[in-house]
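**Student:** So that you have it, the file is data-v7.tsv, and it contains TSV, C-alpha atoms and all ligand atoms:
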chain	number	residue	atom	x	y	z
A	1	MET	CA	128.50	94.92	61.16
A	2	PRO	CA	130.48	98.05	62.16
A	3	PRO	CA	132.37	97.83	65.46
A	4	LEU	CA	130.82	99.11	68.68
A	5	PRO	CA	131.54	102.81	69.33
A	6	PRO	CA	133.86	103.87	72.15
A	7	VAL	CA	132.79	105.33	75.50
A	8	GLN	CA	134.15	108.60	76.87
A	9	LEU	CA	133.98	109.01	80.63
A	10	VAL	CA	133.96	112.67	81.70
A	11	ALA	CA	134.60	113.07	85.44
A	12	ALA	CA	133.78	116.31	87.26
A	13	PRO	CA	135.02	115.50	90.78
A	14	TYR	CA	133.58	118.49	92.63
A	15	ASP	CA	130.77	119.11	95.10
A	16	SER	CA	129.81	122.74	95.65
A	17	GLY	CA	133.16	123.93	94.33
A	18	GLN	CA	135.14	121.58	96.56
A	19	ARG	CA	137.31	119.04	94.79
A	20	ALA	CA	137.05	115.40	95.86
A	21	ALA	CA	134.95	116.36	98.89
A	22	ARG	CA	131.72	114.49	99.76
A	23	MET	CA	129.94	113.77	96.44
A	24	GLY	CA	132.95	115.22	94.65
A	25	ALA	CA	134.81	112.04	95.67
A	26	GLY	CA	132.32	109.83	93.82
A	27	PRO	CA	133.69	110.16	90.28
A	28	LEU	CA	137.26	109.43	91.43
A	29	HIS	CA	136.11	106.44	93.49
A	30	LEU	CA	134.28	104.93	90.51
A	31	LEU	CA	137.38	105.34	88.35
A	32	GLU	CA	139.56	103.78	91.06
A	33	ARG	CA	137.18	100.86	91.16
A	34	GLY	CA	137.94	100.15	87.50
A	35	LEU	CA	134.87	101.62	85.82
A	36	ALA	CA	136.74	102.58	82.63
A	37	GLU	CA	138.30	99.12	82.28
A	38	ARG	CA	134.92	97.47	82.79
A	39	LEU	CA	133.21	99.66	80.19
A	40	ALA	CA	136.08	99.11	77.74
A	41	ARG	CA	135.29	95.39	77.73
A	42	ARG	CA	131.75	95.99	76.43
A	43	SER	CA	132.46	98.79	73.95
A	44	GLY	CA	134.91	99.96	71.32
A	45	GLY	CA	137.22	101.17	74.11
A	46	CYS	CA	136.85	103.60	77.00
A	47	ASP	CA	138.85	106.71	77.86
A	48	ALA	CA	138.41	108.82	80.97
A	49	VAL	CA	139.12	112.52	81.37
A	50	VAL	CA	139.15	114.12	84.83
A	51	LEU	CA	138.20	117.78	84.70
A	52	GLU	CA	139.95	120.35	86.88
A	53	SER	CA	138.63	123.82	87.52
A	54	PRO	CA	141.21	126.39	86.35
A	55	LEU	CA	139.85	129.07	88.69
A	56	PRO	CA	142.47	130.36	91.15
A	57	PHE	CA	139.90	130.32	93.96
A	58	GLN	CA	136.96	127.90	93.95
A	59	ARG	CA	133.45	129.11	94.69
A	60	GLU	CA	130.25	127.12	94.65
A	61	VAL	CA	128.46	128.71	91.70
A	62	GLY	CA	131.47	129.95	89.71
A	63	THR	CA	133.22	126.60	89.81
A	64	ALA	CA	130.05	124.78	88.82
A	65	SER	CA	129.64	127.14	85.87
A	66	MET	CA	133.25	126.56	84.80
A	67	LEU	CA	132.73	122.79	84.99
A	68	GLN	CA	129.56	123.05	82.90
A	69	GLN	CA	131.59	124.78	80.18
A	70	LEU	CA	134.30	122.10	80.32
A	71	VAL	CA	131.74	119.27	80.31
A	72	ALA	CA	130.01	120.76	77.25
A	73	ALA	CA	133.29	120.82	75.31
A	74	GLU	CA	134.16	117.22	76.26
A	75	VAL	CA	130.68	115.95	75.39
A	76	ARG	CA	130.66	117.78	72.06
A	77	SER	CA	134.06	116.38	71.14
A	78	ALA	CA	133.12	112.82	72.19
A	79	ARG	CA	129.93	112.97	70.17
A	80	ALA	CA	131.79	114.34	67.14
A	81	ARG	CA	134.02	111.27	67.07
A	82	GLY	CA	131.08	108.92	67.50
A	83	ALA	CA	131.71	108.09	71.17
A	84	LEU	CA	129.11	107.75	73.93
A	85	PRO	CA	129.82	110.30	76.67
A	86	ILE	CA	129.07	109.22	80.25
A	87	VAL	CA	129.51	112.01	82.80
A	88	LEU	CA	130.49	111.24	86.39
A	89	SER	CA	129.74	114.31	88.45
A	90	GLY	CA	129.55	115.23	92.09
A	91	ASN	CA	126.69	117.59	91.35
A	92	CYS	CA	123.65	117.33	89.08
A	93	ASN	CA	124.10	120.70	87.40
A	94	SER	CA	126.74	119.17	85.10
A	95	ALA	CA	123.61	118.36	83.06
A	96	VAL	CA	123.60	121.93	81.74
A	97	GLY	CA	126.98	121.25	80.12
A	98	THR	CA	126.11	117.76	78.89
A	99	VAL	CA	122.91	118.80	77.14
A	100	ALA	CA	124.61	121.85	75.62
A	101	GLY	CA	127.29	119.55	74.23
A	102	LEU	CA	124.68	117.32	72.58
A	103	GLY	CA	122.90	120.19	70.86
A	104	PRO	CA	119.28	121.07	70.14
A	105	GLY	CA	116.71	118.29	69.79
A	106	THR	CA	117.90	116.57	72.97
A	107	GLY	CA	115.30	115.42	75.48
A	108	VAL	CA	116.03	114.83	79.15
A	109	ILE	CA	115.09	111.87	81.34
A	110	TRP	CA	116.01	112.79	84.90
A	111	PHE	CA	116.08	110.25	87.77
A	112	ASP	CA	116.31	111.95	91.16
A	113	ALA	CA	114.89	111.76	94.67
A	114	HIS	CA	114.75	115.55	94.69
A	115	GLY	CA	113.20	117.98	92.27
A	116	ASP	CA	116.27	120.13	91.65
A	117	VAL	CA	113.87	122.85	90.47
A	118	ASN	CA	114.41	125.47	93.13
A	119	THR	CA	115.55	128.93	92.07
A	120	PRO	CA	117.51	131.56	93.98
A	121	GLU	CA	114.17	133.03	95.05
A	122	THR	CA	112.75	129.76	96.43
A	123	SER	CA	115.84	128.03	97.84
A	124	PHE	CA	116.07	127.86	101.62
A	125	SER	CA	119.35	125.96	101.61
A	126	GLY	CA	121.29	128.10	99.16
A	127	PHE	CA	122.53	124.85	97.64
A	128	PHE	CA	123.21	125.68	93.99
A	129	ASP	CA	122.66	122.08	92.96
A	130	GLY	CA	119.06	122.17	94.13
A	131	MET	CA	118.51	124.43	91.10
A	132	ALA	CA	120.06	122.16	88.45
A	133	LEU	CA	116.90	121.23	86.56
A	134	ALA	CA	115.55	124.76	86.95
A	135	MET	CA	118.70	126.11	85.30
A	136	LEU	CA	118.57	123.51	82.54
A	137	THR	CA	114.99	124.48	81.69
A	138	GLY	CA	115.76	128.21	81.68
A	139	ARG	CA	114.13	129.15	84.98
A	140	CYS	CA	117.17	130.81	86.56
A	141	TRP	CA	120.88	131.58	86.19
A	142	GLN	CA	120.38	132.53	82.53
A	143	THR	CA	123.54	134.63	82.35
A	144	LEU	CA	125.70	131.76	83.54
A	145	ALA	CA	123.85	129.27	81.33
A	146	ARG	CA	124.65	131.41	78.29
A	147	ARG	CA	128.36	131.04	79.07
A	148	VAL	CA	128.00	127.33	78.26
A	149	GLU	CA	128.56	126.99	74.53
A	150	GLY	CA	125.58	125.35	72.84
A	151	HIS	CA	123.19	125.92	75.73
A	152	VAL	CA	119.55	126.35	74.80
A	153	PRO	CA	116.98	126.02	77.60
A	154	VAL	CA	115.32	122.61	77.41
A	155	ARG	CA	111.58	122.83	76.80
A	156	ASP	CA	109.47	121.50	79.65
A	157	ASP	CA	107.67	119.07	77.34
A	158	HIS	CA	111.03	117.54	76.48
A	159	VAL	CA	111.63	116.50	80.11
A	160	ILE	CA	110.55	113.37	81.97
A	161	PHE	CA	111.30	113.51	85.68
A	162	VAL	CA	111.37	110.05	87.25
A	163	GLY	CA	111.45	108.69	90.78
A	164	GLY	CA	111.02	111.85	92.84
A	165	HIS	CA	110.03	111.20	96.44
A	166	GLN	CA	111.65	114.07	98.34
A	167	LEU	CA	110.06	117.08	96.67
A	168	ASP	CA	109.37	120.16	98.73
A	169	THR	CA	106.01	121.93	98.52
A	170	TRP	CA	107.29	124.53	96.11
A	171	GLU	CA	108.76	121.94	93.78
A	172	ARG	CA	105.56	119.91	93.82
A	173	SER	CA	103.45	122.86	92.71
A	174	LEU	CA	106.04	123.95	90.13
A	175	PHE	CA	105.99	120.52	88.52
A	176	GLU	CA	102.19	120.46	88.56
A	177	ALA	CA	102.01	123.80	86.78
A	178	SER	CA	104.71	122.86	84.27
A	179	ALA	CA	104.61	120.80	81.09
A	180	MET	CA	107.27	118.43	82.40
A	181	THR	CA	106.15	114.82	82.71
A	182	VAL	CA	106.56	113.72	86.32
A	183	ILE	CA	106.50	110.03	87.21
A	184	GLY	CA	106.87	109.50	90.95
A	185	SER	CA	108.72	106.61	92.55
A	186	ASP	CA	105.45	105.11	93.81
A	187	VAL	CA	104.14	104.84	90.25
A	188	VAL	CA	107.40	103.34	88.99
A	189	ARG	CA	107.44	100.79	91.81
A	190	ARG	CA	104.01	99.50	90.69
A	191	GLY	CA	105.42	98.67	87.25
A	192	VAL	CA	108.21	100.28	85.29
A	193	HIS	CA	106.78	99.45	81.88
A	194	GLU	CA	103.32	100.84	82.59
A	195	ALA	CA	104.77	103.89	84.34
A	196	LEU	CA	107.27	104.91	81.70
A	197	GLY	CA	106.19	103.38	78.41
A	198	PRO	CA	103.51	105.90	77.35
A	199	ALA	CA	105.57	108.94	78.36
A	200	LEU	CA	108.60	107.62	76.47
A	201	ASP	CA	106.49	107.01	73.37
A	202	VAL	CA	105.43	110.67	73.41
A	203	LEU	CA	108.93	111.99	74.11
A	204	ALA	CA	110.46	109.87	71.33
A	205	LYS	CA	108.25	111.70	68.84
A	206	ARG	CA	109.32	115.12	70.11
A	207	VAL	CA	113.10	114.75	70.33
A	208	ASP	CA	115.92	113.24	68.27
A	209	ARG	CA	117.85	111.78	71.20
A	210	VAL	CA	117.93	111.85	74.99
A	211	TYR	CA	120.28	112.54	77.83
A	212	VAL	CA	119.69	110.19	80.77
A	213	HIS	CA	120.50	111.72	84.14
A	214	VAL	CA	120.78	109.40	87.14
A	215	ASP	CA	121.18	111.05	90.52
A	216	LEU	CA	122.00	107.91	92.48
A	217	ASP	CA	119.94	109.09	95.43
A	218	VAL	CA	116.84	108.16	93.43
A	219	HIS	CA	117.33	104.71	94.96
A	220	ASP	CA	115.60	103.68	98.15
A	221	ILE	CA	117.74	103.82	101.28
A	222	ALA	CA	117.09	100.08	101.77
A	223	GLU	CA	118.80	99.42	98.43
A	224	MET	CA	121.91	101.54	99.00
A	225	ARG	CA	123.22	104.72	100.60
A	226	ALA	CA	124.28	106.76	97.60
A	227	ASN	CA	124.69	109.98	99.60
A	228	GLY	CA	123.57	111.79	102.72
A	229	PHE	CA	120.23	112.75	101.14
A	230	VAL	CA	118.83	109.24	100.53
A	231	ALA	CA	115.40	108.43	101.91
A	232	THR	CA	112.75	105.75	101.98
A	233	GLY	CA	110.27	105.58	99.14
A	234	GLY	CA	112.86	105.49	96.38
A	235	LEU	CA	113.41	103.19	93.43
A	236	LEU	CA	114.86	99.72	93.42
A	237	ARG	CA	118.09	99.08	91.59
A	238	ARG	CA	116.31	96.92	89.03
A	239	ASP	CA	113.72	99.67	88.36
A	240	VAL	CA	116.45	101.92	86.99
A	241	VAL	CA	118.02	99.14	84.94
A	242	ASP	CA	114.62	98.15	83.51
A	243	ALA	CA	113.90	101.79	82.68
A	244	LEU	CA	117.17	102.10	80.75
A	245	HIS	CA	116.14	99.18	78.54
A	246	LEU	CA	112.73	100.76	77.89
A	247	ILE	CA	114.30	104.11	77.01
A	248	ALA	CA	116.83	102.63	74.58
A	249	GLU	CA	114.11	100.66	72.79
A	250	ARG	CA	112.41	103.93	71.87
A	251	VAL	CA	115.00	106.64	71.47
A	252	GLU	CA	118.73	107.14	71.06
A	253	ILE	CA	120.54	107.57	74.38
A	254	ALA	CA	123.20	110.08	73.33
A	255	ALA	CA	124.73	110.65	76.77
A	256	ALA	CA	124.18	109.72	80.39
A	257	ALA	CA	125.35	110.86	83.80
A	258	LEU	CA	125.83	109.28	87.19
A	259	THR	CA	125.76	112.00	89.81
A	260	ALA	CA	125.76	112.70	93.54
A	261	TYR	CA	127.57	109.56	94.69
A	262	ASP	CA	129.31	110.03	98.02
A	263	PRO	CA	131.54	107.02	98.72
A	264	GLY	CA	131.95	108.20	102.33
A	265	GLY	CA	128.52	106.91	103.34
A	266	ASP	CA	128.53	103.85	101.11
A	267	THR	CA	129.89	101.55	103.81
A	268	ASP	CA	128.69	98.32	102.20
A	269	GLY	CA	129.68	99.34	98.67
A	270	ARG	CA	126.22	98.70	97.27
A	271	ALA	CA	125.89	102.20	95.78
A	272	CYS	CA	129.24	101.79	94.03
A	273	ASP	CA	128.16	98.42	92.63
A	274	ALA	CA	124.87	99.91	91.44
A	275	ALA	CA	126.60	102.87	89.79
A	276	ILE	CA	128.90	100.53	87.88
A	277	ALA	CA	125.97	98.30	86.88
A	278	ILE	CA	123.99	101.30	85.64
A	279	ALA	CA	126.92	102.52	83.54
A	280	GLU	CA	127.34	99.01	82.10
A	281	THR	CA	123.64	98.87	81.29
A	282	VAL	CA	123.77	102.28	79.59
A	283	VAL	CA	126.65	101.06	77.44
A	284	ASP	CA	124.93	97.76	76.61
A	285	VAL	CA	121.62	99.34	75.60
A	286	ALA	CA	122.88	102.55	73.97
A	287	LEU	CA	125.85	101.44	71.89
A	288	PRO	CA	124.07	99.15	69.41
A	289	ARG	CA	121.93	102.11	68.36
A	290	LEU	CA	124.97	104.37	67.96
A	291	ARG	CA	126.83	101.74	65.96
A	292	GLY	CA	127.42	102.97	62.42
A	293	ARG	CA	126.13	106.45	63.23
A	294	ALA	CA	128.12	108.93	61.15
A	295	PRO	CA	130.25	111.17	63.37
A	296	SER	CA	128.47	114.52	63.64
A	297	THR	CA	129.80	117.52	61.81
A	298	PRO	CA	130.68	120.29	64.27
A	299	ALA	CA	127.93	122.90	64.39
B	301	MN	MN	119.93	115.80	91.95
Would you mind giving the structure from this file in structure tokens?
Ligand SMILES: [Mn+2]

**Tutor:**
Amino acid sequence: MPPLPPVQLVAAPYDSGQRAARMGAGPLHLLERGLAERLARRSGGCDAVVLESPLPFQREVGTASMLQQLVAAEVRSARARGALPIVLSGNCNSAVGTVAGLGPGTGVIWFDAHGDVNTPETSFSGFFDGMALAMLTGRCWQTLARRVEGHVPVRDDHVIFVGGHQLDTWERSLFEASAMTVIGSDVVRRGVHEALGPALDVLAKRVDRVYVHVDLDVHDIAEMRANGFVATGGLLRRDVVDALHLIAERVEIAAAALTAYDPGGDTDGRACDAAIAIAETVVDVALPRLRGRAPSTPA
């Protein structure tokens, strides 16, 4: 049997253009807690790269765009040498870079409390990261998305959005009118297998591989305080772990991300523990399928 492939951690330690602030501190905290060493023990080795924005002056959108470009290059290079990229990012919009780095034919399974499908015309907060999934699916910021090498807007019917429980009215109606598959936290809580199984069967026929995006605030506030946006009505820790097993049974997990972890509010450390456990689960379920996969030829 060929050896297990290596894991490549790609850390983007920024939140809204600010390095190591709020959720931007999450990736560094996870690395300090020994995430790379822990993943190395269950894989063919684990390296970590910490991305730095080269811009002389950081700005929310411009810095995020720069990081997307850097993430895409790291993910493409990791994939080319047969490694499993796992992105640690303060903000969710790193997904635009990750999916671009994986190339066409990649589906998206997105765990999040929030919809992340606002656009500049619908956002009340002006928070760029509330538009992450909208940008990924080609609804806004097209000029910046095109700066990310390999970016192609992800088709709605290649997206499963899981665990939402903090959607605003606009996001709710956008999802209803779209071809994205939306599986709310209430449905997942009644049974992960029944909630996700059929949708995953359909997605596995449409795509060659998936990117699994875990915004840690998808978890219920009673489980952990991943960031300042957590709420009641979220998923249990074991729901996410069970879902990862179901996904990997059906389709290749080509990359994953843990996003939006703010260690500042995680006073009992439970969100940190969950993040590490999720990364370990991703490695355990994804690597056997990647074992022996021929390194991809650069496009
Ligand atoms: Mn998010």

**Student:** Produce as a ChimeraX atom specification the set of residues near ligand MN 301 (chain B), where near means within 12 Å with only C-alpha atoms and all ligand atoms considered.

**Tutor:** /A:15,23,89-95,110-118,127-134,161-167,213-219,226-227,229-230,257-261

**Student:** Please produce an output containing C-alpha atoms for each residue in the selection, written as a short mmCIF file (atom, residue, chain, number, x, y, z; two decimals), in the frame of the given file.

**Tutor:**
data_model
loop_
_atom_site.label_atom_id
_atom_site.label_comp_id
_atom_site.auth_asym_id
_atom_site.auth_seq_id
_atom_site.Cartn_x
_atom_site.Cartn_y
_atom_site.Cartn_z
CA ASP A 15 130.77 119.11 95.10
CA MET A 23 129.94 113.77 96.44
CA SER A 89 129.74 114.31 88.45
CA GLY A 90 129.55 115.23 92.09
CA ASN A 91 126.69 117.59 91.35
CA CYS A 92 123.65 117.33 89.08
CA ASN A 93 124.10 120.70 87.40
CA SER A 94 126.74 119.17 85.10
CA ALA A 95 123.61 118.36 83.06
CA TRP A 110 116.01 112.79 84.90
CA PHE A 111 116.08 110.25 87.77
CA ASP A 112 116.31 111.95 91.16
CA ALA A 113 114.89 111.76 94.67
CA HIS A 114 114.75 115.55 94.69
CA GLY A 115 113.20 117.98 92.27
CA ASP A 116 116.27 120.13 91.65
CA VAL A 117 113.87 122.85 90.47
CA ASN A 118 114.41 125.47 93.13
CA PHE A 127 122.53 124.85 97.64
CA PHE A 128 123.21 125.68 93.99
CA ASP A 129 122.66 122.08 92.96
CA GLY A 130 119.06 122.17 94.13
CA MET A 131 118.51 124.43 91.10
CA ALA A 132 120.06 122.16 88.45
CA LEU A 133 116.90 121.23 86.56
CA ALA A 134 115.55 124.76 86.95
CA PHE A 161 111.30 113.51 85.68
CA VAL A 162 111.37 110.05 87.25
CA GLY A 163 111.45 108.69 90.78
CA GLY A 164 111.02 111.85 92.84
CA HIS A 165 110.03 111.20 96.44
CA GLN A 166 111.65 114.07 98.34
CA LEU A 167 110.06 117.08 96.67
CA HIS A 213 120.50 111.72 84.14
CA VAL A 214 120.78 109.40 87.14
CA ASP A 215 121.18 111.05 90.52
CA LEU A 216 122.00 107.91 92.48
CA ASP A 217 119.94 109.09 95.43
CA VAL A 218 116.84 108.16 93.43
CA HIS A 219 117.33 104.71 94.96
CA ALA A 226 124.28 106.76 97.60
CA ASN A 227 124.69 109.98 99.60
CA PHE A 229 120.23 112.75 101.14
CA VAL A 230 118.83 109.24 100.53
CA ALA A 257 125.35 110.86 83.80
CA LEU A 258 125.83 109.28 87.19
CA THR A 259 125.76 112.00 89.81
CA ALA A 260 125.76 112.70 93.54
CA TYR A 261 127.57 109.56 94.69
#

**Student:** Would you please work out which residue, of A:Glu60, A:Gly150, A:Gly269, A:Leu244, is nearest to Asp284 (chain A) when using only C-alpha atoms?

**Tutor:** A:Leu244

**Student:** Need to verify the contact set: Ala78 (chain A), 10 Å, only C-alpha atoms, exclusion of same-chain residues closer than 3 positions in sequence. Can you return it as a list in words?

**Tutor:**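 So the residues in contact are Pro6, Val7, Gln8, Leu9, Val10, Ala72, Ala73, Glu74, Val75, Arg81, Gly82, Ala83, Leu84, Pro85, Ile86, Gly101, Leu102, Ala255, Pro295 and Ser296 of chain A.
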
**Student:** Which one of A:Gly138, A:Asp47, A:Val152, A:Asp186 sits closest to Leu35 (chain A) if you count all atoms listed in the file?

**Tutor:** A:Asp47

**Student:** Quick check, in Å to one decimal: how far apart do CA of Ile109 (chain A) and CA of Val210 (chain A) lie?

**Tutor:**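 Answer for the CA of Ile109 (chain A) to CA of Val210 (chain A) separation: 7.0 Å.
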
**Student:** At what distance in Å, to one decimal, does CA of Ser53 (chain A) lie from CA of Pro5 (chain A)?

**Tutor:**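 Interatomic distance here is 28.7 Å.
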
**Student:** When you look at Ile253 (chain A) with a cut-off of 8 Å (counting all atoms listed in the file), what residues show up, excluding the ones that are within fewer than 5 positions of it in the same chain? I need them as a PyMOL selection string.

**Tutor:** chain A and resi 209-212+247-248+286

**Student:** Output C-alpha atoms of each residue in that selection to a file, as a compact mmCIF listing (two decimals), in the coordinates of the input.

**Tutor:**
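Produced file selection14.txt, reproduced below:
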# COMPACT_ATOMS: atom_id res chain seq x y z
CA ARG A 209 117.85 111.78 71.20
CA VAL A 210 117.93 111.85 74.99
CA TYR A 211 120.28 112.54 77.83
CA VAL A 212 119.69 110.19 80.77
CA ILE A 247 114.30 104.11 77.01
CA ALA A 248 116.83 102.63 74.58
CA ALA A 286 122.88 102.55 73.97

**Student:** Have a look at A:Val282, A:Cys272, A:Ile221, A:Val187 and name the one nearest to Leu30 (chain A); count all atoms listed in the file.

**Tutor:**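 For Leu30 (chain A), the nearest of the candidates is A:Cys272.
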
**Student:** Hey, what's within 9 Å of Met135 (chain A) if we count all atoms listed in the file and toss same-chain stuff fewer than 5 positions away? As number ranges by chain, please?

**Tutor:** A: 93, 96, 117-119, 140-142, 145, 153

**Student:** Between A:Gly292, A:Gly191, A:Pro27, A:Gly62, which has the minimum distance to Ala275 (chain A) (counting only C-alpha atoms)?

**Tutor:** A:Pro27

**Student:** Quick one: residues within 12 Å of (102.4, 114.7, 82.7) (file frame), counting all atoms listed in the file, please, as a PDB file with C-alpha atoms, in the frame of the given file.

**Tutor:**
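Full text of selection-v8.pdb as output:
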ATOM      1  CA  ASP A 156     109.470 121.500  79.650  1.00  0.00           C
ATOM      2  CA  ASP A 157     107.670 119.070  77.340  1.00  0.00           C
ATOM      3  CA  HIS A 158     111.030 117.540  76.480  1.00  0.00           C
ATOM      4  CA  VAL A 159     111.630 116.500  80.110  1.00  0.00           C
ATOM      5  CA  ILE A 160     110.550 113.370  81.970  1.00  0.00           C
ATOM      6  CA  PHE A 161     111.300 113.510  85.680  1.00  0.00           C
ATOM      7  CA  VAL A 162     111.370 110.050  87.250  1.00  0.00           C
ATOM      8  CA  PHE A 175     105.990 120.520  88.520  1.00  0.00           C
ATOM      9  CA  GLU A 176     102.190 120.460  88.560  1.00  0.00           C
ATOM     10  CA  ALA A 177     102.010 123.800  86.780  1.00  0.00           C
ATOM     11  CA  SER A 178     104.710 122.860  84.270  1.00  0.00           C
ATOM     12  CA  ALA A 179     104.610 120.800  81.090  1.00  0.00           C
ATOM     13  CA  MET A 180     107.270 118.430  82.400  1.00  0.00           C
ATOM     14  CA  THR A 181     106.150 114.820  82.710  1.00  0.00           C
ATOM     15  CA  VAL A 182     106.560 113.720  86.320  1.00  0.00           C
ATOM     16  CA  ILE A 183     106.500 110.030  87.210  1.00  0.00           C
ATOM     17  CA  GLY A 184     106.870 109.500  90.950  1.00  0.00           C
ATOM     18  CA  ALA A 195     104.770 103.890  84.340  1.00  0.00           C
ATOM     19  CA  LEU A 196     107.270 104.910  81.700  1.00  0.00           C
ATOM     20  CA  PRO A 198     103.510 105.900  77.350  1.00  0.00           C
ATOM     21  CA  ALA A 199     105.570 108.940  78.360  1.00  0.00           C
ATOM     22  CA  LEU A 200     108.600 107.620  76.470  1.00  0.00           C
ATOM     23  CA  VAL A 202     105.430 110.670  73.410  1.00  0.00           C
ATOM     24  CA  LEU A 203     108.930 111.990  74.110  1.00  0.00           C
TER      25      LEU A 203
END

**Student:** How far is it from CA of Trp170 (chain A) to CA of Val188 (chain A), in Å with one decimal?

**Tutor:**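 Calculated distance between CA of Trp170 (chain A) and CA of Val188 (chain A) is 22.4 Å.
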
**Student:** Report as number ranges by chain all protein, DNA and RNA residues lying within 9 Å of Asp239 (chain A), evaluated on only C-alpha atoms, omitting residues in the same chain fewer than 2 positions from it.

**Tutor:** A: 188-189, 191-192, 235-237, 241-244

**Student:** Measuring between all atoms listed in the file, which one of A:Thr98, A:Ser185, A:Asp266, A:Arg289 shows the shortest distance to Gly234 (chain A)?

**Tutor:** A:Ser185

**Student:** Which is closest to Thr267 (chain A) among A:Met224, A:Gly17, A:Glu32, A:Ala231, if we use only C-alpha atoms?

**Tutor:** A:Met224

**Student:** Please, can region 50-55 of chain A be completed to all heavy atoms and returned as a short mmCIF file (atom, residue, chain, number, x, y, z; two decimals), in the coordinates of the input?

**Tutor:**
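And here is the file that came out, part.cif:
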data_model
loop_
_atom_site.label_atom_id
_atom_site.label_comp_id
_atom_site.auth_asym_id
_atom_site.auth_seq_id
_atom_site.Cartn_x
_atom_site.Cartn_y
_atom_site.Cartn_z
N VAL A 50 139.53 113.55 83.54
CA VAL A 50 139.15 114.12 84.83
C VAL A 50 139.29 115.63 84.73
O VAL A 50 140.40 116.14 84.53
CB VAL A 50 140.02 113.55 85.97
CG1 VAL A 50 139.63 114.18 87.31
CG2 VAL A 50 139.89 112.03 86.05
N LEU A 51 138.19 116.33 84.86
CA LEU A 51 138.20 117.78 84.70
C LEU A 51 138.72 118.47 85.96
O LEU A 51 138.46 118.01 87.08
CB LEU A 51 136.78 118.29 84.40
CG LEU A 51 136.13 117.70 83.15
CD1 LEU A 51 134.71 118.25 82.99
CD2 LEU A 51 136.97 118.01 81.92
N GLU A 52 139.46 119.55 85.75
CA GLU A 52 139.95 120.35 86.88
C GLU A 52 139.53 121.79 86.65
O GLU A 52 139.71 122.32 85.55
CB GLU A 52 141.48 120.28 86.96
CG GLU A 52 142.07 118.88 87.03
CD GLU A 52 141.73 118.14 88.31
OE1 GLU A 52 141.32 118.80 89.30
OE2 GLU A 52 141.87 116.90 88.33
N SER A 53 138.99 122.42 87.67
CA SER A 53 138.63 123.82 87.52
C SER A 53 139.89 124.67 87.46
O SER A 53 140.75 124.57 88.34
CB SER A 53 137.78 124.28 88.71
OG SER A 53 137.73 125.70 88.73
N PRO A 54 140.02 125.53 86.44
CA PRO A 54 141.21 126.39 86.35
C PRO A 54 141.11 127.65 87.20
O PRO A 54 142.03 128.46 87.21
CB PRO A 54 141.24 126.74 84.85
CG PRO A 54 139.81 126.71 84.42
CD PRO A 54 139.12 125.69 85.29
N LEU A 55 140.00 127.84 87.91
CA LEU A 55 139.85 129.07 88.69
C LEU A 55 140.89 129.10 89.82
O LEU A 55 141.17 128.08 90.45
CB LEU A 55 138.45 129.13 89.31
CG LEU A 55 137.28 129.27 88.32
CD1 LEU A 55 135.95 129.21 89.08
CD2 LEU A 55 137.39 130.58 87.55
#
